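Below you'll find the structure, written out as C-alpha cells, and then a few comments.
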Amino acid sequence: MRKLILAGTAAAVLLVTGCADMNMSDTQRRTAVGAGAGAAGGAVLGALVGGGNAGKGALIGAGVGALGTYIWSSNMEKQKREMEAATQGTGISVSQTPDNLLRLDVPSDVSFDTGKANIKSNFAPVLDRFASSLQGNPAATVRIVGHTDSTGSDAVNNPLSVDRAAATRDYIVMRGVDSRRFAVEGLGSRQPIATNDTAAGRAQNRRVEIFIGEQGRS
C-alpha cells in the first residue's frame with residue numbers, strides 16, 4: 001500500500017514538473033501546478049480508498065486541481081500594479097497570495113476608528129481606484145473580511161467587524177460595481193495579528209482584508 005501511495009505521488013510530481021514548462025504563460029503554468037497538486041491528492045486517495053489505484057486517482061485529482069484553482073491573468077496583474085500605485089505611502093499592503101488572490105491589508109489608521117464602521121477620508125481615494133480597477137476586470141470577485149481589536153465584547157465586536165466589511169463593499173458598489181461580485185464576513189477579534197495589550201497592537205488588529213480572485217476556467 002505504501003509503495004502504491006509513493007508511486008502515485010511521484011507520478012503527480014512528474015506531472016507538475018513536466019507540464020509547468022518555462023515556455024508557458026503564467027496562467028497556464030499555475031493551472032498546471034494546480035493540476036499537479038490535485039494529482040498528488042488524488043494519488044493518495046486512490047491508493048487509500050480506490051482499490052489501490054493511485055494512477056487513476058491522480059488523473060481525477062489533476063482534473064479537479066486544474067479546474068478549481070484561481071488564475072493570475074493579465075487583468076489580475078494589471079489590478080495589482082494599479083493598487084500598488086494607488087496605495088503607495090498609505091500603509092496598505094498589496095500582495096499576491098500563493099493561491100493567486102490579490103490581497104489588500106488595510107490598517108486602522110487608513111480604514112476605521114475604534115468602534116466605528118465609517119469609511120475614513122484617506123481610505124476613500126483608495127476605494128475609488130479599486131472600484132475603477134474592478135470595472136476593468138469584470139471576471140474578478142471580491143471577499144472582504146473585517147476585524148476588530150479586543151476592546152469590547154464579542155456581542156459588540158462581531159457585528160462591528162461585519163459592518164466594516166459591508167461598509168467597504170457598499171462604498172465600492174456605489175461607484176458602479178455589481179454587488180453580486182462581493183462576499184463579506186466579520187471575524188471580530190478572533191484573528192489578531194498583534195498583541196491587544198498595547199494601543200499600537202490594537203490598531204494593527206483593527207483592520208480590513210480584501211481578497212480579489214479570478215476563478216480558473218476550463
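Within each chain, counting starts at residue 1; across the C-alpha cells, chains are named A, B, ... in the order shown, with ligands numbered 1 upward in that order.
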
*Identify, with DSSP run on backbone atoms, the residues in range 62-198 of chain A assigned to alpha helix (DSSP H), and express the list as a ChimeraX atom specification.*
/A:62-67,74-87,124-135,154-173

Could you turn the residues from that selection into a file that holds C-alpha atoms, as a tab-separated table (two decimals), in the first residue's frame?
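The result, stored in part_9.tsv:
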```tsv
chain	number	residue	atom	x	y	z
A	62	ALA	CA	-5.44	16.51	-11.79
A	63	GLY	CA	-8.70	17.47	-13.43
A	64	VAL	CA	-10.17	18.78	-10.21
A	65	GLY	CA	-7.00	20.69	-9.36
A	66	ALA	CA	-6.84	22.35	-12.76
A	67	LEU	CA	-10.46	23.46	-12.69
A	74	SER	CA	-3.08	39.80	-17.22
A	75	ASN	CA	-6.11	41.62	-15.74
A	76	MET	CA	-5.13	40.48	-12.24
A	77	GLU	CA	-1.56	41.64	-12.76
A	78	LYS	CA	-2.87	44.98	-14.04
A	79	GLN	CA	-5.07	45.33	-10.95
A	80	LYS	CA	-2.11	44.60	-8.70
A	81	ARG	CA	0.01	47.29	-10.34
A	82	GLU	CA	-2.85	49.79	-10.18
A	83	MET	CA	-3.46	49.12	-6.49
A	84	GLU	CA	0.24	49.31	-5.67
A	85	ALA	CA	0.29	52.76	-7.26
A	86	ALA	CA	-2.94	53.83	-5.54
A	87	THR	CA	-1.79	52.71	-2.08
A	124	ALA	CA	-11.96	56.74	0.14
A	125	PRO	CA	-9.49	57.57	-2.68
A	126	VAL	CA	-8.04	54.06	-2.47
A	127	LEU	CA	-11.51	52.53	-2.77
A	128	ASP	CA	-12.30	54.84	-5.69
A	129	ARG	CA	-9.27	53.48	-7.54
A	130	PHE	CA	-10.14	49.94	-6.53
A	131	ALA	CA	-13.66	50.30	-7.92
A	132	SER	CA	-12.21	51.51	-11.20
A	133	SER	CA	-9.85	48.53	-11.38
A	134	LEU	CA	-12.73	46.12	-10.73
A	135	GLN	CA	-14.71	47.64	-13.58
A	154	ASP	CA	-17.94	39.64	21.12
A	155	ALA	CA	-21.51	40.90	21.12
A	156	VAL	CA	-20.11	44.26	20.01
A	157	ASN	CA	-17.05	43.21	18.00
A	158	ASN	CA	-18.63	40.53	15.81
A	159	PRO	CA	-21.30	42.74	14.23
A	160	LEU	CA	-18.85	45.67	14.10
A	161	SER	CA	-16.41	43.63	12.02
A	162	VAL	CA	-19.23	42.68	9.62
A	163	ASP	CA	-20.32	46.32	9.43
A	164	ARG	CA	-16.79	47.37	8.47
A	165	ALA	CA	-16.64	44.81	5.68
A	166	ALA	CA	-20.12	45.78	4.50
A	167	ALA	CA	-19.28	49.50	4.57
A	168	THR	CA	-16.26	48.83	2.38
A	169	ARG	CA	-18.38	46.83	-0.06
A	170	ASP	CA	-21.16	49.41	-0.12
A	171	TYR	CA	-18.75	52.23	-0.90
A	172	ILE	CA	-17.39	50.30	-3.90
A	173	VAL	CA	-20.87	49.29	-5.08
```

*Counting only C-alpha atoms, figure out which residue out of A:Thr114, A:Ser121, A:Gln88, A:Ser73 gets nearest to Asn100 in chain A.*
A:Ser73

*Can you list, as a list in words, every residue of range 39-201 of chain A that DSSP puts in strand (DSSP E or B)?*
Tyr70, Ile71, Ser93, Val94, Ser95, Gln96, Leu102, Arg103, Leu104, Asp105, Val106, Thr141, Val142, Arg143, Ile144, Val145, Gly146, Phe182, Ala183, Val184, Glu185 and Gly186 of chain A

Mind writing the picked residues with C-alpha atoms as a PDB file, in the first residue's frame?
```
ATOM      1  CA  TYR A  70      -7.660  30.753  -9.187  1.00  0.00           C
ATOM      2  CA  ILE A  71      -5.754  32.075 -12.166  1.00  0.00           C
ATOM      3  CA  SER A  93      -0.132  46.227   1.848  1.00  0.00           C
ATOM      4  CA  VAL A  94      -0.782  44.785  -1.639  1.00  0.00           C
ATOM      5  CA  SER A  95       0.317  41.235  -2.413  1.00  0.00           C
ATOM      6  CA  GLN A  96      -0.368  38.100  -4.429  1.00  0.00           C
ATOM      7  CA  LEU A 102      -4.815  39.707  -4.886  1.00  0.00           C
ATOM      8  CA  ARG A 103      -4.763  40.730  -1.218  1.00  0.00           C
ATOM      9  CA  LEU A 104      -5.075  44.195   0.285  1.00  0.00           C
ATOM     10  CA  ASP A 105      -4.379  44.598   4.012  1.00  0.00           C
ATOM     11  CA  VAL A 106      -5.873  47.882   5.197  1.00  0.00           C
ATOM     12  CA  THR A 141     -14.856  38.556  -7.460  1.00  0.00           C
ATOM     13  CA  VAL A 142     -14.149  40.093  -4.069  1.00  0.00           C
ATOM     14  CA  ARG A 143     -14.206  38.857  -0.478  1.00  0.00           C
ATOM     15  CA  ILE A 144     -13.922  41.483   2.264  1.00  0.00           C
ATOM     16  CA  VAL A 145     -13.103  40.454   5.840  1.00  0.00           C
ATOM     17  CA  GLY A 146     -13.496  42.840   8.757  1.00  0.00           C
ATOM     18  CA  PHE A 182     -18.909  40.576  -3.333  1.00  0.00           C
ATOM     19  CA  ALA A 183     -18.891  38.402  -0.244  1.00  0.00           C
ATOM     20  CA  VAL A 184     -18.383  39.918   3.197  1.00  0.00           C
ATOM     21  CA  GLU A 185     -17.637  38.442   6.599  1.00  0.00           C
ATOM     22  CA  GLY A 186     -16.574  39.628  10.018  1.00  0.00           C
TER      23      GLY A 186
END
```

*Selection near Ile193 in chain A, 12 Å with only C-alpha atoms, sequence-local residues under 3 positions removed, as number ranges by chain*: A: 105, 107, 147-150, 189-190, 196, 200-209

_Interatomic distance (Å, one decimal) between CA of Ala199 in chain A and CA of Asn122 in chain A_ =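 That distance, rounded to one decimal, is 20.6 Å.
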